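A.B. asks: Can you read through this structure? Questions will come right after.
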Amino acid sequence: MSFLHINNIRKHFGETTVLKGIDIAIEQGDFLVLVGPSGCGKSTLLNMIAGLDSISDGELLLNGRRINEVHPAQRDIAMVFQSYALYPSMTVAGNIGFGLEMRKVPKHERREAIERVAKMLQIENLLDRKPGQLSGGQRQRVAMGRALVREPQLFLFDEPLSNLDAKLRVDMRTEIKQLHQRLGATIVYVTHDQIEAMTLATRIAVMRAGELQQLGTPQQVYDDPGNLFVAGFMGSPSMNLLNARIVMVDDEPVARIAAGEGTLELPIVRDREALRGWQDREVIIGLRPEAITDPASANRQDGVIHETSLTVSLVEPTGADVYAVTHLGGRDINARMRPGTQLSPGEQTRFAFDVSRMVAFDPQSEERIR
Amino acid sequence: MPNSPSPQGGGARARMQRWLPKLVLSPSFVLILFFVYGFILWTTYISFSNSGMLPDYSWAGLRQWSRLWNSWTWGIALHNIWIFGLLYIVSCIVLGLLLAILLDQRIRAEGALRTIYLYPMALSFIVTGTAWQWFLNPGLGLEKTMHELGWQSFSFNWLIDSGMAIYTIVIAAVWQATGFIMAMFLAGLRGIDGEMIKAAQIDGAPAWKIYLRIIIPQLRPVFLSAVVVLAHLAIKSFDLIVAMTGGGPGNSTAVPATFMYSYAFSRNEMGIAAASAVFMLAVIAALIIPYLYSELRESRS
Ligand SMILES: Nc1ncnc2c1ncn2[C@@H]1O[C@H](COP(=O)(O)OP(=O)(O)O)[C@@H](O)[C@H]1O
Ligand SMILES: [Mg+2]
């Protein structure tokens, strides 16, 4: 019996269907991140878990109890909103303690709980201020404090970091992760930022247009994308996707890719049996930028390396790495080279492909071939 | 841009374009300067003069002012405006807020209801006053209808009861302005962040507590605007009283505005009337100027 079970949940707003049957189950202590482009229904799903939106169809179970019809206040959940939703007429202490006050917790207990949470979030010196006098980052902390103080069974976060500037966002991300590890809390977290999803989650649910695309650990979603959408959405810079044809060489399938005048043949390591059935047909293969490197930084220990010479068309140093762009299979592809690599456009250089990380997709259905 | 004048269109034409708006507006500017501010100054001077039926420019010092403050009718007028203003402002705000909260529940007929509530404000005070005067007149309206329907013992004669007549004016005035105040509150309610209400629901607050603790405190600027608007409407209320009771029975519904009118035009005491007019102006200015000042400062920052 899983801790939170979202069982075939649907949502209609009048004629339009916003969620088309979502199935997700997580365990206690999990950090589930719902990720997907804007408008795909993440907030709607979160609001349904919170009880703020009604459930059109399906069942929601928390700790084995059906909570479809339970009032938000009785679900034992707390939520942090994108706008923070602080009460402007109350002090920070009043904001944090409001939920306890409504639950008739005695005043001195409330005071203790507020101080404990304020200490944890380092906002003790702000307790007597009004939200209007706080910076964005401080408001964010107060919003978290308001959720933490109640010690609920389940925390819900709706894009809590998207109103912060880039630097603060990274800091708060780390803090949220530490908080999760320290408290062992169960969290459902919504974001459209795939980096946030990768760094925070123990489970990622990738959504698109009201449908669940893939549910898995960050590593599964990153290394084993279930379809083209997930492959393209997760990871930055995104996965290289190129056209290839499966051909048999010595009775083994290889991916033949147009490379300049000639062709490049990459041996197939993963999903080899499935790809045998694709002989002489077009597929789309996916290779992460870090699986295409200079020969010296290739991972020869775990990987299967295939080297070839290609022409560099563009060089993008980022400081930590150098990305080299080259033309292959009708697309521009990104390769991650050792930092400090000296390359110039037009130059021929050796590239090492780690074919053990190569995945293939059906160009029609966009599903993974495996 | 075919319609915008070209700045290079000759020196004379450019100068003309610069001066034309000023030229067109200047007569009305001069007229306003004369008829509004000039007459304010004139009235103020009259209040310190010996004027009776006709203006008399001989200086009288504070004589008219002391006669005003010793006048029995002026005492009634002040007492009435105090009762009327307080009841009017409080009832309009309470009813307006309640109606706005009801309408904010996203009921189906909202558009129609909002229009119905707003209609009275479109009527002039004279029309409102006349209509309510008919309605409350024991020989014509409600009471007569009830009698004809067979409820012989029904009696509602506040309009002709000198102790109660002022309340009939409150009823009519509240009926007229409540819709407008409701619209102000409704706009305020619509501006409140929906996520905040969701947060309060999760925090376990029942609906009435969400309104009392979270939403209404955020409507403070609306309350302030409503008080200022209603207070100056109350002090200026002249036509409504003239249409409904004419200040009677006796002097029982006299307010400063009707006092001023009757002293100026039927009792031939222009000096006292001028003093009362200046007094009303001072009260309204004391209300409005700080309000405008804070509003303008806010909109500039
Ligand atoms: N109350 C509503 N009525 C009608 N459509 C809605 C309502 N709320 C959300 N939607 C629609 O549902 C879709 C998903 O919205 P949402 O869950 O907010 O997306 P996300 O959080 O993933 O950006 C959007 O296309 C949005 O227009
Ligand atoms: Mg959203």
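Letters A, B, ... mark the chains of the structure tokens in the order given; residue numbers begin at 1 per chain; ligand numbers begin at 1, in order shown.
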Please, which residues have at least one atom within 12 Å of an atom of ligand 1, using only C-alpha atoms and all ligand atoms, listed as a ChimeraX atom specification?
C.D. replies: /A:10-20,34-48,52-54,81-82,157-159,189-193,206-212 /B:194
A.B. asks: Counting only C-alpha atoms, which residues from chain A have an atom at most 7 Å from any atom of chain B, and could you show them as a PDB file with C-alpha atoms, in the first residue's frame?
C.D. replies:
ATOM      1  CA  LEU A  52      -8.926  23.015  -3.680  1.00  0.00           C
ATOM      2  CA  PRO A  72      -8.649  20.705   2.529  1.00  0.00           C
ATOM      3  CA  ALA A  73      -8.321  21.535   6.220  1.00  0.00           C
ATOM      4  CA  ALA A  78       0.193  21.957   3.891  1.00  0.00           C
ATOM      5  CA  PHE A  81       2.084  28.743  -3.241  1.00  0.00           C
ATOM      6  CA  ALA A  85      -0.073  33.921  -0.518  1.00  0.00           C
ATOM      7  CA  LEU A  86       0.937  35.493   2.790  1.00  0.00           C
ATOM      8  CA  TYR A  87      -1.761  37.352   4.720  1.00  0.00           C
ATOM      9  CA  SER A  89      -2.527  42.281   7.457  1.00  0.00           C
ATOM     10  CA  PHE A  98      -2.648  31.094  11.654  1.00  0.00           C
ATOM     11  CA  GLY A  99      -3.178  27.412  10.851  1.00  0.00           C
ATOM     12  CA  MET A 102      -7.593  27.917  13.509  1.00  0.00           C
ATOM     13  CA  ARG A 103      -6.972  24.471  14.982  1.00  0.00           C
TER      14      ARG A 103
END
A.B. asks: Residues near stretch 143-153 of chain A, anyone? I mean within 7 Å using only C-alpha atoms, not counting same-chain ones fewer than 3 positions away, as a PyMOL selection string.
C.D. replies: chain A and resi 76-80+84+86+95-97+100+113-114+117-118+139-140+186
A.B. asks: For the selection just defined, write its residues with N, CA and C atoms to a file, as a PDB file, in the first residue's frame.
C.D. replies:
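Produced file again16.pdb, reproduced below:
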ATOM      1  N   ASP A  76      -4.789  16.921   6.354  1.00  0.00           N
ATOM      2  CA  ASP A  76      -3.461  16.847   6.968  1.00  0.00           C
ATOM      3  C   ASP A  76      -2.364  17.110   5.939  1.00  0.00           C
ATOM      4  N   ILE A  77      -2.532  18.190   5.205  1.00  0.00           N
ATOM      5  CA  ILE A  77      -1.558  18.596   4.205  1.00  0.00           C
ATOM      6  C   ILE A  77      -1.220  20.068   4.449  1.00  0.00           C
ATOM      7  N   ALA A  78      -0.114  20.527   3.881  1.00  0.00           N
ATOM      8  CA  ALA A  78       0.193  21.957   3.891  1.00  0.00           C
ATOM      9  C   ALA A  78       0.717  22.302   2.510  1.00  0.00           C
ATOM     10  N   MET A  79       0.513  23.562   2.116  1.00  0.00           N
ATOM     11  CA  MET A  79       0.843  23.926   0.743  1.00  0.00           C
ATOM     12  C   MET A  79       1.602  25.243   0.709  1.00  0.00           C
ATOM     13  N   VAL A  80       2.601  25.307  -0.172  1.00  0.00           N
ATOM     14  CA  VAL A  80       3.339  26.552  -0.406  1.00  0.00           C
ATOM     15  C   VAL A  80       3.011  27.002  -1.825  1.00  0.00           C
ATOM     16  N   TYR A  84       3.309  32.948  -2.841  1.00  0.00           N
ATOM     17  CA  TYR A  84       3.499  32.854  -1.380  1.00  0.00           C
ATOM     18  C   TYR A  84       2.200  32.985  -0.612  1.00  0.00           C
ATOM     19  N   LEU A  86       0.894  35.101   1.376  1.00  0.00           N
ATOM     20  CA  LEU A  86       0.937  35.493   2.790  1.00  0.00           C
ATOM     21  C   LEU A  86      -0.221  36.445   3.072  1.00  0.00           C
ATOM     22  N   ASN A  95       1.135  34.976  10.516  1.00  0.00           N
ATOM     23  CA  ASN A  95       1.019  34.161   9.313  1.00  0.00           C
ATOM     24  C   ASN A  95       1.369  32.707   9.591  1.00  0.00           C
ATOM     25  N   ILE A  96       2.508  32.525  10.253  1.00  0.00           N
ATOM     26  CA  ILE A  96       2.973  31.155  10.493  1.00  0.00           C
ATOM     27  C   ILE A  96       2.021  30.440  11.436  1.00  0.00           C
ATOM     28  N   GLY A  97       1.501  31.199  12.435  1.00  0.00           N
ATOM     29  CA  GLY A  97       0.674  30.555  13.446  1.00  0.00           C
ATOM     30  C   GLY A  97      -0.798  30.446  13.098  1.00  0.00           C
ATOM     31  N   LEU A 100      -2.386  26.989  13.115  1.00  0.00           N
ATOM     32  CA  LEU A 100      -2.482  26.430  14.467  1.00  0.00           C
ATOM     33  C   LEU A 100      -3.608  27.118  15.238  1.00  0.00           C
ATOM     34  N   ALA A 113       5.992  26.636  18.771  1.00  0.00           N
ATOM     35  CA  ALA A 113       6.086  26.049  17.425  1.00  0.00           C
ATOM     36  C   ALA A 113       6.574  27.083  16.418  1.00  0.00           C
ATOM     37  N   ILE A 114       6.060  28.319  16.532  1.00  0.00           N
ATOM     38  CA  ILE A 114       6.470  29.375  15.600  1.00  0.00           C
ATOM     39  C   ILE A 114       7.957  29.643  15.757  1.00  0.00           C
ATOM     40  N   VAL A 117      10.138  26.825  14.223  1.00  0.00           N
ATOM     41  CA  VAL A 117      10.198  26.879  12.761  1.00  0.00           C
ATOM     42  C   VAL A 117      10.999  28.094  12.284  1.00  0.00           C
ATOM     43  N   ALA A 118      10.808  29.218  12.973  1.00  0.00           N
ATOM     44  CA  ALA A 118      11.519  30.438  12.581  1.00  0.00           C
ATOM     45  C   ALA A 118      13.020  30.222  12.717  1.00  0.00           C
ATOM     46  N   ARG A 139       9.961  36.360   2.121  1.00  0.00           N
ATOM     47  CA  ARG A 139       8.556  35.939   2.011  1.00  0.00           C
ATOM     48  C   ARG A 139       8.466  34.449   1.734  1.00  0.00           C
ATOM     49  N   GLN A 140       9.365  34.000   0.868  1.00  0.00           N
ATOM     50  CA  GLN A 140       9.397  32.587   0.513  1.00  0.00           C
ATOM     51  C   GLN A 140       9.624  31.741   1.768  1.00  0.00           C
ATOM     52  N   THR A 186       7.176  13.810   3.309  1.00  0.00           N
ATOM     53  CA  THR A 186       6.711  13.430   1.975  1.00  0.00           C
ATOM     54  C   THR A 186       6.273  14.703   1.265  1.00  0.00           C
TER      55      THR A 186
END
A.B. asks: Provide the atom CA of B:Ser252 to atom CA of B:Trp158 distance in Å, to one decimal place.
C.D. replies: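 That distance, rounded to one decimal, is 11.7 Å.
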A.B. asks: Considering only C-alpha atoms, return as a PDB file with N, CA and C atoms, in the first residue's frame whatever protein or nucleic-acid residues lie within 10 Å of B:Ala231, sequence-local ones (same chain, fewer than 2 positions apart) excluded.
C.D. replies:
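The resulting file, selection.pdb, is shown below:
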ATOM      1  N   GLY B  85     -25.607  61.696   8.767  1.00  0.00           N
ATOM      2  CA  GLY B  85     -24.307  61.316   8.201  1.00  0.00           C
ATOM      3  C   GLY B  85     -23.823  59.990   8.752  1.00  0.00           C
ATOM      4  N   LEU B  86     -23.925  59.848  10.078  1.00  0.00           N
ATOM      5  CA  LEU B  86     -23.409  58.633  10.705  1.00  0.00           C
ATOM      6  C   LEU B  86     -24.181  57.403  10.226  1.00  0.00           C
ATOM      7  N   TYR B  88     -26.086  57.114   7.618  1.00  0.00           N
ATOM      8  CA  TYR B  88     -25.949  56.969   6.165  1.00  0.00           C
ATOM      9  C   TYR B  88     -24.631  56.267   5.832  1.00  0.00           C
ATOM     10  N   ILE B  89     -23.531  56.755   6.398  1.00  0.00           N
ATOM     11  CA  ILE B  89     -22.220  56.183   6.071  1.00  0.00           C
ATOM     12  C   ILE B  89     -22.136  54.740   6.549  1.00  0.00           C
ATOM     13  N   SER B 225     -11.994  55.357   1.000  1.00  0.00           N
ATOM     14  CA  SER B 225     -12.632  56.052  -0.121  1.00  0.00           C
ATOM     15  C   SER B 225     -14.132  56.157   0.107  1.00  0.00           C
ATOM     16  N   ALA B 226     -14.737  55.063   0.577  1.00  0.00           N
ATOM     17  CA  ALA B 226     -16.187  55.046   0.765  1.00  0.00           C
ATOM     18  C   ALA B 226     -16.585  56.096   1.792  1.00  0.00           C
ATOM     19  N   VAL B 227     -15.847  56.199   2.884  1.00  0.00           N
ATOM     20  CA  VAL B 227     -16.193  57.176   3.924  1.00  0.00           C
ATOM     21  C   VAL B 227     -16.101  58.590   3.364  1.00  0.00           C
ATOM     22  N   VAL B 228     -15.045  58.857   2.614  1.00  0.00           N
ATOM     23  CA  VAL B 228     -14.880  60.216   2.084  1.00  0.00           C
ATOM     24  C   VAL B 228     -16.001  60.550   1.102  1.00  0.00           C
ATOM     25  N   VAL B 229     -16.285  59.614   0.192  1.00  0.00           N
ATOM     26  CA  VAL B 229     -17.343  59.858  -0.797  1.00  0.00           C
ATOM     27  C   VAL B 229     -18.685  60.088  -0.096  1.00  0.00           C
ATOM     28  N   LEU B 233     -21.094  63.489   0.288  1.00  0.00           N
ATOM     29  CA  LEU B 233     -22.477  63.394  -0.218  1.00  0.00           C
ATOM     30  C   LEU B 233     -23.455  63.771   0.889  1.00  0.00           C
ATOM     31  N   ALA B 234     -23.174  63.326   2.113  1.00  0.00           N
ATOM     32  CA  ALA B 234     -24.084  63.604   3.238  1.00  0.00           C
ATOM     33  C   ALA B 234     -24.163  65.103   3.487  1.00  0.00           C
ATOM     34  N   ILE B 235     -23.008  65.775   3.499  1.00  0.00           N
ATOM     35  CA  ILE B 235     -23.017  67.215   3.802  1.00  0.00           C
ATOM     36  C   ILE B 235     -23.693  67.995   2.675  1.00  0.00           C
ATOM     37  N   LYS B 236     -23.535  67.505   1.455  1.00  0.00           N
ATOM     38  CA  LYS B 236     -24.142  68.207   0.329  1.00  0.00           C
ATOM     39  C   LYS B 236     -25.619  67.860   0.133  1.00  0.00           C
ATOM     40  N   SER B 237     -26.128  66.899   0.925  1.00  0.00           N
ATOM     41  CA  SER B 237     -27.495  66.429   0.672  1.00  0.00           C
ATOM     42  C   SER B 237     -28.469  67.575   0.894  1.00  0.00           C
ATOM     43  N   VAL B 283     -15.669  72.141   6.456  1.00  0.00           N
ATOM     44  CA  VAL B 283     -15.743  70.742   6.888  1.00  0.00           C
ATOM     45  C   VAL B 283     -15.411  69.811   5.719  1.00  0.00           C
ATOM     46  N   ILE B 284     -16.003  70.081   4.552  1.00  0.00           N
ATOM     47  CA  ILE B 284     -15.734  69.217   3.395  1.00  0.00           C
ATOM     48  C   ILE B 284     -14.256  69.278   3.013  1.00  0.00           C
ATOM     49  N   LEU B 287     -12.155  67.187   5.081  1.00  0.00           N
ATOM     50  CA  LEU B 287     -12.268  65.765   4.752  1.00  0.00           C
ATOM     51  C   LEU B 287     -11.489  65.426   3.480  1.00  0.00           C
ATOM     52  N   ILE B 288     -11.716  66.251   2.466  1.00  0.00           N
ATOM     53  CA  ILE B 288     -11.263  65.875   1.128  1.00  0.00           C
ATOM     54  C   ILE B 288      -9.782  66.153   0.910  1.00  0.00           C
TER      55      ILE B 288
END
A.B. asks: Show me, as a PyMOL selection string, the residues that have an atom within 7 Å of stretch 223-229 of chain A when counting only C-alpha atoms, minus same-chain residues fewer than 2 positions from it.
C.D. replies: chain A and resi 214+219-221+231-233+361+366-368
A.B. asks: Using only C-alpha atoms, which of the listed residues (B:Ile83, B:Ala172, B:Ala100, B:Ala165) sits closest to B:Pro249?
C.D. replies: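 Under the stated criterion, the closest residue is B:Ala165.
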A.B. asks: When DSSP is applied to the backbone of this structure, which of stretch 204-267 of chain A are assigned helix (DSSP H, G or I)? Write them out as an MDAnalysis selection string.
C.D. replies: chainID A and resid 218:223 228:233
A.B. asks: Could you name the residues that touch A:Ala274 at 10 Å or less, counting only C-alpha atoms, but leaving out those on the same chain fewer than 4 positions away, as a PyMOL selection string?
C.D. replies: chain A and resi 253+270+278+360+369-370
A.B. asks: Go ahead and write the selection's residues with N, CA, C and O atoms as a PDB file, in the first residue's frame.
C.D. replies:
ATOM      1  N   PRO A 253      22.684  -5.358 -35.541  1.00  0.00           N
ATOM      2  CA  PRO A 253      22.124  -4.079 -35.973  1.00  0.00           C
ATOM      3  C   PRO A 253      23.081  -2.919 -35.665  1.00  0.00           C
ATOM      4  O   PRO A 253      23.705  -2.898 -34.601  1.00  0.00           O
ATOM      5  N   ARG A 270      22.331  -0.949 -26.635  1.00  0.00           N
ATOM      6  CA  ARG A 270      21.110  -1.053 -25.831  1.00  0.00           C
ATOM      7  C   ARG A 270      19.952  -1.491 -26.728  1.00  0.00           C
ATOM      8  O   ARG A 270      19.900  -1.154 -27.893  1.00  0.00           O
ATOM      9  N   TRP A 278      13.808  -3.651 -36.528  1.00  0.00           N
ATOM     10  CA  TRP A 278      13.707  -2.373 -37.238  1.00  0.00           C
ATOM     11  C   TRP A 278      14.656  -2.317 -38.436  1.00  0.00           C
ATOM     12  O   TRP A 278      14.931  -1.240 -38.963  1.00  0.00           O
ATOM     13  N   ALA A 360      16.860   4.687 -28.834  1.00  0.00           N
ATOM     14  CA  ALA A 360      16.225   4.858 -30.142  1.00  0.00           C
ATOM     15  C   ALA A 360      14.722   4.996 -29.982  1.00  0.00           C
ATOM     16  O   ALA A 360      14.116   4.434 -29.066  1.00  0.00           O
ATOM     17  N   ILE A 369      11.960   2.620 -28.479  1.00  0.00           N
ATOM     18  CA  ILE A 369      12.023   1.247 -28.997  1.00  0.00           C
ATOM     19  C   ILE A 369      12.827   0.425 -28.004  1.00  0.00           C
ATOM     20  O   ILE A 369      13.998   0.703 -27.769  1.00  0.00           O
ATOM     21  N   ARG A 370      12.182  -0.544 -27.350  1.00  0.00           N
ATOM     22  CA  ARG A 370      12.920  -1.408 -26.410  1.00  0.00           C
ATOM     23  C   ARG A 370      12.154  -2.674 -26.141  1.00  0.00           C
ATOM     24  O   ARG A 370      11.008  -2.797 -26.510  1.00  0.00           O
TER      25      ARG A 370
END
